[in-house]
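Encoded as structure tokens, the structure appears first; notes follow it.
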Amino acid sequence: MRTPFPAPSRTPRLKRWAKTAASGLLACSSLGASVALLSASLATSAQAADAEYAQRFLTQYNKIKNPANGYFSPEGVPYHSVETLMVEAPDHGHETTSEAYSFWLWLEAQYGRATGDWQPLKKAWANMEKYIIPSTQDQPTNSFYNPGRPATYAAEHPLPENYPSRIDSSVPVGQDPLANELAAAYGTREIYGMHWLLDVDNWYGFGRCGDGVTKPAYINTFQRGAQESVWETVPHPSCETFKWGRNTGNQGFLSLFTGDSSYARQWRYTNAPDADARAVQAIYWASVWAKEQGKGAEVADLVKKASKMGDYLRYAMFDKYFKKVGNCVGAYNCQGGSGTPDARGFRDNQHYLLSWYYAWGGAVDQGAGWAWRISSSHAHFGYQNPFAAWVLSSQPEFKPVSATGASDWGKSLTRQVEFYRWLQSADGAIAGGATNSWGGNHGTPPAGTATFYGMFYDEKPVYHDPASNTWFGFQVWSMQRVAEYYYATGDAKAKALLDKWVGWALANTTLKDDGTYRIPNTLKWSGQPDTWNPDSPGANSGLRVSVVDHTNDVGTAAAFARTLIYYSAKANHAASKAMAKQLLDRMWTKHQDAKGVAVEEERTDYKRFDDKFNPATGDGIFVPQGWVGTNAQGATIDSNSTFLSIRPKYEQDPQWPKLKAYLDGGPSPKWTYHRFWAQADIALAMADYAHLLDGTGGTAAVKVNNTALRVPEGGNARFFVTLSQAPASNVTVTVAKAAGGDADLNASRTTLGFTPANYNVAQPVYVQAAEDEDQANGSAAFTVSAPGHTAVRVSATELDNDVVVPVTLVLSGTPVAVPEGGTRSFQARLAAKPAGNVTVQVARTGGDADLSVASGATLTFTPANWNVNQAVTLAAAEDADGSNGSATFSLSGSGGLSATVQASEQDNDAVAAACTVVFDASSDWGSGQTQAITLQNGSASAIEGWSVSWTAASDFQVTNSWNSTVTQSGRTVVAKPTAWNATVPANGSVSFGVQVAYSGSKPTPSAVKWEGRDCKVVVK
């Protein structure tokens, strides 16, 4: 029987828990005094400040991209956090979300603006397509989807204990008006959108569609109503094959969530609309900045893909089951919408807001013949993105190719701006949201509930533990998008929203004498908005908010600063400029560490790790009596389960002892997390400040988009000039070349005219590099200045096309594995033609003496044969041991020519060892390596305690380890057991591993030894 999965009742973003506000906060006596105090502290040199914040961006960027810091998996997927013991919306730090991907795209877009290098952005999008946008293989049966009946109804319920929810085919559902339109536009029934959650390291062990091994793996968690927090979730694979889950009945995990007479194997994915919209944001700015550099063509393909993603994102604009929008009460009474536009172009089942999710799924079996799609009836203000709506509706290159895509986004833009205005409290903060399905089951709201185009006001839409309207982070995330929209368009309605919101936010932010800051953290709400009247919006005098406590959280502070930066850059608002600078300076000064910028957190909610289900409170994991199953970690799932018991691998985490001490009654420990989104937002805030405000603090200044040009010889590069604020009268900007610069580098114009009306309209200046006979990369500096304005300096460097390619060695067939008693060869040639003969010597410079050069110890390359491979043959002598020896061979020639080759012996001695060490270093990505070590006990008795050591052939640094305690001294590593794996059982094994970072040659292990034992060693 067809069993459409209802998808999560929510797709929660990062949930934050209240932290106790620090005492002694300094409240400003007046906003005017605060502005004066902050403005006085701003840097006086715009150029120096710009360079400082631009460098901060690059410093933070390099920390994030440094493999040793652990932000990315070996596959290049960004982790939710560097740390693994981490529970918020993702229930493990090495999961990831579409949110993290969208921040990665934004980060690489800013890197492209700063450097002109757009390859990292293109690689990030390609990685996103590969791993978190389901492929054809991952969504195989979309062709069976029937838009006339998108899915079968299953109500949402208040508590997890109300589940499974019965599937009811008698409840009317509406029609999907997008499916045929999108299929016609893109030639496929597949969905082009991100799934919200990935198990990056396959920590749970589900793998790809039940294979148990492929990583990353699509998983899901939230499924059961608004009260289900992360602590009550049951993780499960996105492809349900019945391999895990309930032990009887071919149900898998499905019967925890939906009630049906039988179940079918199926795949299903859930999209978080705010992440996809953020991806559109990032690509829009990438396009703008790349065009300013004359490199628009480099990101043109990404523009098309972002437009396509935005086209599919419209699925977030509908009622969950495509029912009619407005006063939709009663699952049976509220009818399905037709999706046909009315005279104004509005569809009856489309609310035109960005809801909490859209989802899609279908049969695993190709012959089963069904698929489904749903949207969400709940709209949270924190997910709206008027900037993305403006981009997709008005910017020609971004307008979707579908018939109604651009017009839908135009309506959405208008509706979203109205939504913010409807939800703005009398204080200035933005309240929760609205729903077309009260309680998730189209129930009857309390009498007098305010409405927005017939949708009911919901103080805490989507989730209640903790309440979704209480985290200040949603305020700054969402209002940053409003600020970008205002910056780009000057929309007066957006400015009015920001004027009021910024005043409230600044009044509730304090700066301490010790150089720290406190921003709002937890909010408390009362009242409700007035019912929406688009012709005469209410004042919302009864809708109020108060700040419960404050925080120094760096990610939220960065997002807050970014909101202030975009707002002040357009409105020239001194208080916002000053506060943005203070927040960035204070976090940078106080909270930097080797991996980024972070603060300690107290997570008292971690007490819930071992909570059993409590019927009185609803806390703990609910599993119906009699339901018994297992997951891929081998854990039993039943009515006695806890968060920890169904995730037993947490007890192997390096931070487990600290958590266990807390669970055993110890004091609450402090945790320091490096969340990807937060670290990226910090970098982006620094870049925004450098790019938009220049550190001027309100001083009139000349602005340029790029202060470091790279100009190809015989070609040109350009920078764009604007003024930081509107002048009182016309201004002439002068471009002057500094003395001593390369005569071949010159500007195309020496003056530019600006008026009070066009001061912020970018004007181009081209720098040309004439052809010359030398091989030098010449340079020159240009001062861009205007009377009464702070000047800026632009440096230009010629990219000479006469540079001689350096002569280097090119090797192939390396590293070399030589059979004992035999030989193997590798090849060498030069990368470029030399001026004369080059002699290269080959010799062993370290390692096993049984490995030697048999032939090719001296190679001679001439201008005639420089590109012809020459063989070097290595030999491995017969020996009596059973070890696979290794050695390093160095190649050296005139002019500093050098290279190294790693060689290993393939031993042919069958060693009847009672113990074996298997050292697998095959997982290597050029700058890092995962080393998996297995200790095999072949005897009939257990081995108590162990210590393993090895030495590498080149320099490296251990960055992570698991199932062991590791120490490093130079190139030597010693690994010892943890408390739980010190015993190697008879005829059994113990495994552990380390991750290393390196540059140059691979750190090939040698002298691998199980201390105190003569064991067989196998190196892979």
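Convention: chains lettered A, B, ... in structure tokens order; per-chain residue numbering from 1; ligands numbered from 1 as shown.
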Residues of stretch 328-465 of chain A in strand (DSSP E or B) according to DSSP, as a list in words? Gly336, Gln350, Tyr358, Ala359, Trp360, Gly361, Gly362, Ala363, Ala371, Trp372, Arg373, Ile374, His378, Ala379, His380, Gln424, Ile430, Gly433, Ala434, Thr435, Thr451, Phe452, Met455, Phe456, Tyr457, Asp458 and His464 of chain A
Create the file for the chosen residues now, containing N, CA and C atoms and written as a PDB file, in the first residue's frame.
```
ATOM      1  N   GLY A 336      -9.487  21.629  -0.536  1.00  0.00           N
ATOM      2  CA  GLY A 336      -8.245  21.768  -1.283  1.00  0.00           C
ATOM      3  C   GLY A 336      -8.333  22.903  -2.275  1.00  0.00           C
ATOM      4  N   GLN A 350      -1.879  29.323  -1.985  1.00  0.00           N
ATOM      5  CA  GLN A 350      -0.511  29.828  -1.876  1.00  0.00           C
ATOM      6  C   GLN A 350      -0.494  31.055  -0.964  1.00  0.00           C
ATOM      7  N   TYR A 358       9.554  22.618   2.851  1.00  0.00           N
ATOM      8  CA  TYR A 358       8.779  21.819   1.914  1.00  0.00           C
ATOM      9  C   TYR A 358       9.452  20.460   1.865  1.00  0.00           C
ATOM     10  N   ALA A 359       8.724  19.424   1.442  1.00  0.00           N
ATOM     11  CA  ALA A 359       9.268  18.067   1.480  1.00  0.00           C
ATOM     12  C   ALA A 359       8.737  17.273   0.303  1.00  0.00           C
ATOM     13  N   TRP A 360       9.484  16.233  -0.054  1.00  0.00           N
ATOM     14  CA  TRP A 360       9.070  15.388  -1.167  1.00  0.00           C
ATOM     15  C   TRP A 360       9.610  13.979  -0.959  1.00  0.00           C
ATOM     16  N   GLY A 361       8.956  13.009  -1.570  1.00  0.00           N
ATOM     17  CA  GLY A 361       9.379  11.622  -1.402  1.00  0.00           C
ATOM     18  C   GLY A 361       8.704  10.718  -2.405  1.00  0.00           C
ATOM     19  N   GLY A 362       9.003   9.427  -2.278  1.00  0.00           N
ATOM     20  CA  GLY A 362       8.416   8.470  -3.197  1.00  0.00           C
ATOM     21  C   GLY A 362       8.891   7.067  -2.898  1.00  0.00           C
ATOM     22  N   ALA A 363       8.492   6.146  -3.733  1.00  0.00           N
ATOM     23  CA  ALA A 363       8.803   4.736  -3.540  1.00  0.00           C
ATOM     24  C   ALA A 363      10.253   4.442  -3.879  1.00  0.00           C
ATOM     25  N   ALA A 371       4.735   8.870  -5.766  1.00  0.00           N
ATOM     26  CA  ALA A 371       5.609   9.884  -5.190  1.00  0.00           C
ATOM     27  C   ALA A 371       4.720  10.967  -4.605  1.00  0.00           C
ATOM     28  N   TRP A 372       5.257  11.789  -3.732  1.00  0.00           N
ATOM     29  CA  TRP A 372       4.447  12.827  -3.083  1.00  0.00           C
ATOM     30  C   TRP A 372       5.251  14.101  -2.860  1.00  0.00           C
ATOM     31  N   ARG A 373       4.518  15.192  -2.632  1.00  0.00           N
ATOM     32  CA  ARG A 373       5.121  16.478  -2.275  1.00  0.00           C
ATOM     33  C   ARG A 373       4.200  17.207  -1.309  1.00  0.00           C
ATOM     34  N   ILE A 374       4.794  17.900  -0.337  1.00  0.00           N
ATOM     35  CA  ILE A 374       4.009  18.727   0.576  1.00  0.00           C
ATOM     36  C   ILE A 374       4.764  20.023   0.830  1.00  0.00           C
ATOM     37  N   HIS A 378       2.960  26.593   8.198  1.00  0.00           N
ATOM     38  CA  HIS A 378       3.455  27.476   9.251  1.00  0.00           C
ATOM     39  C   HIS A 378       4.538  28.402   8.698  1.00  0.00           C
ATOM     40  N   ALA A 379       4.389  29.700   8.912  1.00  0.00           N
ATOM     41  CA  ALA A 379       5.359  30.691   8.451  1.00  0.00           C
ATOM     42  C   ALA A 379       5.934  31.428   9.655  1.00  0.00           C
ATOM     43  N   HIS A 380       7.226  31.342   9.819  1.00  0.00           N
ATOM     44  CA  HIS A 380       7.962  32.004  10.899  1.00  0.00           C
ATOM     45  C   HIS A 380       8.666  33.224  10.317  1.00  0.00           C
ATOM     46  N   GLN A 424       5.548  43.394  13.717  1.00  0.00           N
ATOM     47  CA  GLN A 424       6.431  44.266  14.489  1.00  0.00           C
ATOM     48  C   GLN A 424       5.726  44.762  15.741  1.00  0.00           C
ATOM     49  N   ILE A 430      10.364  41.725  16.226  1.00  0.00           N
ATOM     50  CA  ILE A 430       9.409  41.049  15.346  1.00  0.00           C
ATOM     51  C   ILE A 430       8.903  39.787  16.032  1.00  0.00           C
ATOM     52  N   GLY A 433       4.855  34.450  14.100  1.00  0.00           N
ATOM     53  CA  GLY A 433       4.460  34.192  12.720  1.00  0.00           C
ATOM     54  C   GLY A 433       2.991  33.883  12.605  1.00  0.00           C
ATOM     55  N   ALA A 434       2.647  33.061  11.620  1.00  0.00           N
ATOM     56  CA  ALA A 434       1.252  32.740  11.346  1.00  0.00           C
ATOM     57  C   ALA A 434       1.161  31.330  10.795  1.00  0.00           C
ATOM     58  N   THR A 435      -0.053  30.778  10.876  1.00  0.00           N
ATOM     59  CA  THR A 435      -0.272  29.429  10.359  1.00  0.00           C
ATOM     60  C   THR A 435      -1.610  29.359   9.645  1.00  0.00           C
ATOM     61  N   THR A 451      -5.410  37.756  12.568  1.00  0.00           N
ATOM     62  CA  THR A 451      -5.143  37.057  11.305  1.00  0.00           C
ATOM     63  C   THR A 451      -4.352  37.944  10.346  1.00  0.00           C
ATOM     64  N   PHE A 452      -3.677  37.276   9.420  1.00  0.00           N
ATOM     65  CA  PHE A 452      -2.923  37.906   8.336  1.00  0.00           C
ATOM     66  C   PHE A 452      -3.384  37.250   7.045  1.00  0.00           C
ATOM     67  N   MET A 455      -4.661  33.882   7.724  1.00  0.00           N
ATOM     68  CA  MET A 455      -3.795  32.976   8.489  1.00  0.00           C
ATOM     69  C   MET A 455      -3.755  33.457   9.939  1.00  0.00           C
ATOM     70  N   PHE A 456      -3.690  32.506  10.883  1.00  0.00           N
ATOM     71  CA  PHE A 456      -3.831  32.834  12.291  1.00  0.00           C
ATOM     72  C   PHE A 456      -2.483  33.171  12.932  1.00  0.00           C
ATOM     73  N   TYR A 457      -2.488  34.220  13.751  1.00  0.00           N
ATOM     74  CA  TYR A 457      -1.267  34.577  14.469  1.00  0.00           C
ATOM     75  C   TYR A 457      -0.842  33.422  15.376  1.00  0.00           C
ATOM     76  N   ASP A 458       0.428  33.080  15.314  1.00  0.00           N
ATOM     77  CA  ASP A 458       0.991  32.019  16.149  1.00  0.00           C
ATOM     78  C   ASP A 458       2.209  32.613  16.857  1.00  0.00           C
ATOM     79  N   HIS A 464       8.001  24.351  20.229  1.00  0.00           N
ATOM     80  CA  HIS A 464       7.704  24.941  21.535  1.00  0.00           C
ATOM     81  C   HIS A 464       8.755  24.654  22.592  1.00  0.00           C
TER      82      HIS A 464
END
```
Quick one: residues within 9 Å of A:Thr972, only C-alpha atoms counted, chain neighbours fewer than 4 positions away excluded, as a PyMOL selection string? chain A and resi 949-952+967-968
Using only all heavy atoms, please write the residues we just selected to a file, as a PDB file, in the first residue's frame.
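Output contents, as saved in selection38.pdb:
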```pdb
ATOM      1  N   SER A 949      53.410   2.527  18.648  1.00  0.00           N
ATOM      2  CA  SER A 949      54.186   3.688  18.216  1.00  0.00           C
ATOM      3  C   SER A 949      54.562   3.548  16.752  1.00  0.00           C
ATOM      4  O   SER A 949      54.634   2.446  16.218  1.00  0.00           O
ATOM      5  CB  SER A 949      55.454   3.836  19.068  1.00  0.00           C
ATOM      6  OG  SER A 949      56.307   2.723  18.893  1.00  0.00           O
ATOM      7  N   TRP A 950      54.784   4.695  16.095  1.00  0.00           N
ATOM      8  CA  TRP A 950      55.276   4.689  14.732  1.00  0.00           C
ATOM      9  C   TRP A 950      55.944   6.040  14.437  1.00  0.00           C
ATOM     10  O   TRP A 950      55.726   7.022  15.158  1.00  0.00           O
ATOM     11  CB  TRP A 950      54.169   4.409  13.718  1.00  0.00           C
ATOM     12  CG  TRP A 950      53.073   5.447  13.682  1.00  0.00           C
ATOM     13  CD1 TRP A 950      52.983   6.546  12.878  1.00  0.00           C
ATOM     14  CD2 TRP A 950      51.882   5.457  14.487  1.00  0.00           C
ATOM     15  NE1 TRP A 950      51.823   7.233  13.126  1.00  0.00           N
ATOM     16  CE2 TRP A 950      51.132   6.599  14.104  1.00  0.00           C
ATOM     17  CE3 TRP A 950      51.380   4.627  15.483  1.00  0.00           C
ATOM     18  CZ2 TRP A 950      49.922   6.921  14.693  1.00  0.00           C
ATOM     19  CZ3 TRP A 950      50.177   4.942  16.078  1.00  0.00           C
ATOM     20  CH2 TRP A 950      49.450   6.077  15.679  1.00  0.00           C
ATOM     21  N   THR A 951      56.742   6.037  13.401  1.00  0.00           N
ATOM     22  CA  THR A 951      57.447   7.246  12.989  1.00  0.00           C
ATOM     23  C   THR A 951      57.174   7.491  11.508  1.00  0.00           C
ATOM     24  O   THR A 951      57.189   6.543  10.705  1.00  0.00           O
ATOM     25  CB  THR A 951      58.963   7.109  13.223  1.00  0.00           C
ATOM     26  OG1 THR A 951      59.194   6.863  14.611  1.00  0.00           O
ATOM     27  CG2 THR A 951      59.691   8.389  12.802  1.00  0.00           C
ATOM     28  N   ALA A 952      56.900   8.739  11.153  1.00  0.00           N
ATOM     29  CA  ALA A 952      56.599   9.084   9.770  1.00  0.00           C
ATOM     30  C   ALA A 952      57.852   9.547   9.048  1.00  0.00           C
ATOM     31  O   ALA A 952      58.813  10.019   9.658  1.00  0.00           O
ATOM     32  CB  ALA A 952      55.525  10.160   9.706  1.00  0.00           C
ATOM     33  N   THR A 967      49.937  10.936  21.834  1.00  0.00           N
ATOM     34  CA  THR A 967      50.939  11.975  22.036  1.00  0.00           C
ATOM     35  C   THR A 967      51.888  11.971  20.850  1.00  0.00           C
ATOM     36  O   THR A 967      52.166  10.930  20.251  1.00  0.00           O
ATOM     37  CB  THR A 967      51.734  11.744  23.333  1.00  0.00           C
ATOM     38  OG1 THR A 967      52.347  10.452  23.289  1.00  0.00           O
ATOM     39  CG2 THR A 967      50.832  11.831  24.542  1.00  0.00           C
ATOM     40  N   GLN A 968      52.378  13.165  20.491  1.00  0.00           N
ATOM     41  CA  GLN A 968      53.281  13.312  19.355  1.00  0.00           C
ATOM     42  C   GLN A 968      54.562  13.989  19.798  1.00  0.00           C
ATOM     43  O   GLN A 968      54.542  14.982  20.530  1.00  0.00           O
ATOM     44  CB  GLN A 968      52.632  14.127  18.234  1.00  0.00           C
ATOM     45  CG  GLN A 968      53.541  14.323  17.024  1.00  0.00           C
ATOM     46  CD  GLN A 968      52.878  15.157  15.937  1.00  0.00           C
ATOM     47  OE1 GLN A 968      51.730  15.551  16.043  1.00  0.00           O
ATOM     48  NE2 GLN A 968      53.624  15.444  14.873  1.00  0.00           N
TER      49      GLN A 968
END
```
Show me, as JSON lines, the residues of stretch 659-727 of chain A having an atom within 12 Å of stretch 86-91 of chain A, each with the closest atom pair and its distance in Å, using only C-alpha atoms.
```
{"residue": "A:Leu659", "atom": "CA", "partner": "A:Met86", "partner_atom": "CA", "distance": 10.9}
{"residue": "A:Trp671", "atom": "CA", "partner": "A:Met86", "partner_atom": "CA", "distance": 9.2}
{"residue": "A:Thr672", "atom": "CA", "partner": "A:Met86", "partner_atom": "CA", "distance": 10.0}
{"residue": "A:Tyr673", "atom": "CA", "partner": "A:Met86", "partner_atom": "CA", "distance": 8.0}
{"residue": "A:His674", "atom": "CA", "partner": "A:Met86", "partner_atom": "CA", "distance": 10.2}
{"residue": "A:Arg675", "atom": "CA", "partner": "A:Met86", "partner_atom": "CA", "distance": 9.6}
```
Keeping only C-alpha atoms, write the selected residues as a PDB file, in the first residue's frame.
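Writing the result to result-v7.pdb gives the following:
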```pdb
ATOM      1  CA  LEU A 659      29.734  14.953  30.185  1.00  0.00           C
ATOM      2  CA  TRP A 671      31.855  23.983  26.460  1.00  0.00           C
ATOM      3  CA  THR A 672      33.538  25.912  23.659  1.00  0.00           C
ATOM      4  CA  TYR A 673      32.066  25.371  20.220  1.00  0.00           C
ATOM      5  CA  HIS A 674      33.150  26.467  16.767  1.00  0.00           C
ATOM      6  CA  ARG A 675      29.888  26.363  14.808  1.00  0.00           C
TER       7      ARG A 675
END
```
So, counting only C-alpha atoms, which residue among A:Phe346, A:Trp501, A:Phe474, A:Tyr315 is closest to A:Gln384? A:Phe474
One decimal place gives the atom CA of A:Ala817-atom CA of A:Gly885 separation as 10.1 Å
For A:Tyr145, find every residue with an atom within 12 Å (counting only C-alpha atoms), except residues of its own chain fewer than 3 positions away, and show them as a PyMOL selection string. chain A and resi 4+139-142+148-151+175-176+178-180+183+188-191+360-363+368-374
Export of prior selection with N, CA, C and O atoms as a compact mmCIF listing (two decimals), in the first residue's frame:
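Result written to result02.txt:
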```
# COMPACT_ATOMS: atom_id res chain seq x y z
N PRO A 4 2.55 7.64 1.81
CA PRO A 4 3.31 8.88 1.71
C PRO A 4 3.74 9.36 3.09
O PRO A 4 2.94 9.42 4.01
N GLN A 139 16.43 10.21 -5.60
CA GLN A 139 14.99 10.50 -5.71
C GLN A 139 14.48 9.89 -7.02
O GLN A 139 14.12 10.60 -7.95
N PRO A 140 14.43 8.56 -7.06
CA PRO A 140 14.30 7.87 -8.35
C PRO A 140 12.90 7.80 -8.95
O PRO A 140 12.78 7.52 -10.14
N THR A 141 11.84 8.03 -8.19
CA THR A 141 10.50 7.74 -8.72
C THR A 141 9.62 8.97 -8.83
O THR A 141 8.40 8.90 -8.74
N ASN A 142 10.24 10.14 -9.04
CA ASN A 142 9.45 11.37 -9.20
C ASN A 142 8.52 11.33 -10.40
O ASN A 142 7.54 12.07 -10.45
N GLY A 148 -2.30 16.34 -9.14
CA GLY A 148 -3.70 16.44 -8.76
C GLY A 148 -4.00 15.90 -7.37
O GLY A 148 -5.03 16.22 -6.78
N ARG A 149 -3.09 15.07 -6.85
CA ARG A 149 -3.22 14.58 -5.48
C ARG A 149 -1.82 14.49 -4.89
O ARG A 149 -1.20 13.42 -4.88
N PRO A 150 -1.30 15.60 -4.39
CA PRO A 150 0.11 15.66 -4.00
C PRO A 150 0.51 14.68 -2.91
O PRO A 150 1.60 14.11 -2.96
N ALA A 151 -0.36 14.48 -1.89
CA ALA A 151 -0.02 13.59 -0.77
C ALA A 151 -1.29 13.25 -0.01
O ALA A 151 -2.32 13.91 -0.15
N GLN A 175 -4.49 20.86 -5.17
CA GLN A 175 -3.70 20.53 -6.35
C GLN A 175 -2.40 21.34 -6.35
O GLN A 175 -2.37 22.49 -5.92
N ASP A 176 -1.37 20.72 -6.85
CA ASP A 176 -0.05 21.33 -6.94
C ASP A 176 0.07 22.04 -8.29
O ASP A 176 0.14 21.37 -9.33
N LEU A 178 2.63 23.82 -9.40
CA LEU A 178 4.01 24.04 -9.82
C LEU A 178 4.61 22.88 -10.60
O LEU A 178 5.50 23.08 -11.43
N ALA A 179 4.19 21.65 -10.30
CA ALA A 179 4.90 20.47 -10.80
C ALA A 179 5.04 20.47 -12.32
O ALA A 179 6.13 20.28 -12.86
N ASN A 180 3.93 20.63 -13.03
CA ASN A 180 3.99 20.57 -14.49
C ASN A 180 4.77 21.75 -15.07
O ASN A 180 5.50 21.62 -16.05
N ALA A 183 8.47 21.00 -14.51
CA ALA A 183 8.91 19.92 -15.40
C ALA A 183 9.09 20.44 -16.82
O ALA A 183 10.04 20.07 -17.52
N THR A 188 12.53 17.77 -16.22
CA THR A 188 12.65 16.70 -15.24
C THR A 188 11.59 16.89 -14.16
O THR A 188 11.12 18.01 -13.92
N ARG A 189 11.23 15.77 -13.51
CA ARG A 189 10.34 15.81 -12.35
C ARG A 189 11.12 15.90 -11.03
O ARG A 189 10.53 15.94 -9.97
N GLU A 190 12.44 15.90 -11.12
CA GLU A 190 13.24 15.94 -9.90
C GLU A 190 13.17 17.32 -9.24
O GLU A 190 12.97 18.33 -9.91
N ILE A 191 13.37 17.34 -7.93
CA ILE A 191 13.41 18.58 -7.17
C ILE A 191 14.86 19.05 -7.05
O ILE A 191 15.76 18.25 -6.75
N TRP A 360 9.48 16.23 -0.05
CA TRP A 360 9.07 15.39 -1.17
C TRP A 360 9.61 13.98 -0.96
O TRP A 360 10.58 13.78 -0.24
N GLY A 361 8.96 13.01 -1.57
CA GLY A 361 9.38 11.62 -1.40
C GLY A 361 8.70 10.72 -2.40
O GLY A 361 7.92 11.15 -3.25
N GLY A 362 9.00 9.43 -2.28
CA GLY A 362 8.42 8.47 -3.20
C GLY A 362 8.89 7.07 -2.90
O GLY A 362 9.62 6.82 -1.92
N ALA A 363 8.49 6.15 -3.73
CA ALA A 363 8.80 4.74 -3.54
C ALA A 363 10.25 4.44 -3.88
O ALA A 363 10.81 5.00 -4.82
N ALA A 368 6.82 0.59 -8.04
CA ALA A 368 5.74 0.85 -7.08
C ALA A 368 4.80 1.94 -7.57
O ALA A 368 3.61 1.93 -7.26
N GLY A 369 5.35 2.94 -8.29
CA GLY A 369 4.48 3.89 -8.97
C GLY A 369 3.84 4.95 -8.11
O GLY A 369 2.66 5.25 -8.31
N TRP A 370 4.55 5.55 -7.17
CA TRP A 370 3.99 6.69 -6.44
C TRP A 370 5.10 7.60 -5.93
O TRP A 370 6.23 7.20 -5.71
N ALA A 371 4.74 8.87 -5.77
CA ALA A 371 5.61 9.88 -5.19
C ALA A 371 4.72 10.97 -4.61
O ALA A 371 3.52 11.04 -4.94
N TRP A 372 5.26 11.79 -3.73
CA TRP A 372 4.45 12.83 -3.08
C TRP A 372 5.25 14.10 -2.86
O TRP A 372 6.47 14.09 -2.89
N ARG A 373 4.52 15.19 -2.63
CA ARG A 373 5.12 16.48 -2.27
C ARG A 373 4.20 17.21 -1.31
O ARG A 373 2.97 17.14 -1.45
N ILE A 374 4.79 17.90 -0.34
CA ILE A 374 4.01 18.73 0.58
C ILE A 374 4.76 20.02 0.83
O ILE A 374 5.96 20.13 0.57
```
All helix (DSSP H, G or I) residues (DSSP, backbone) inside stretch 356-512 of chain A, as an MDAnalysis selection string: chainID A and resid 381:383 386:394 396:398 405:423 438:440 472:489 492:507
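Reported to one decimal place, the separation of atom CA of A:Arg265 from atom CA of A:Ser377 is 26.5 Å.
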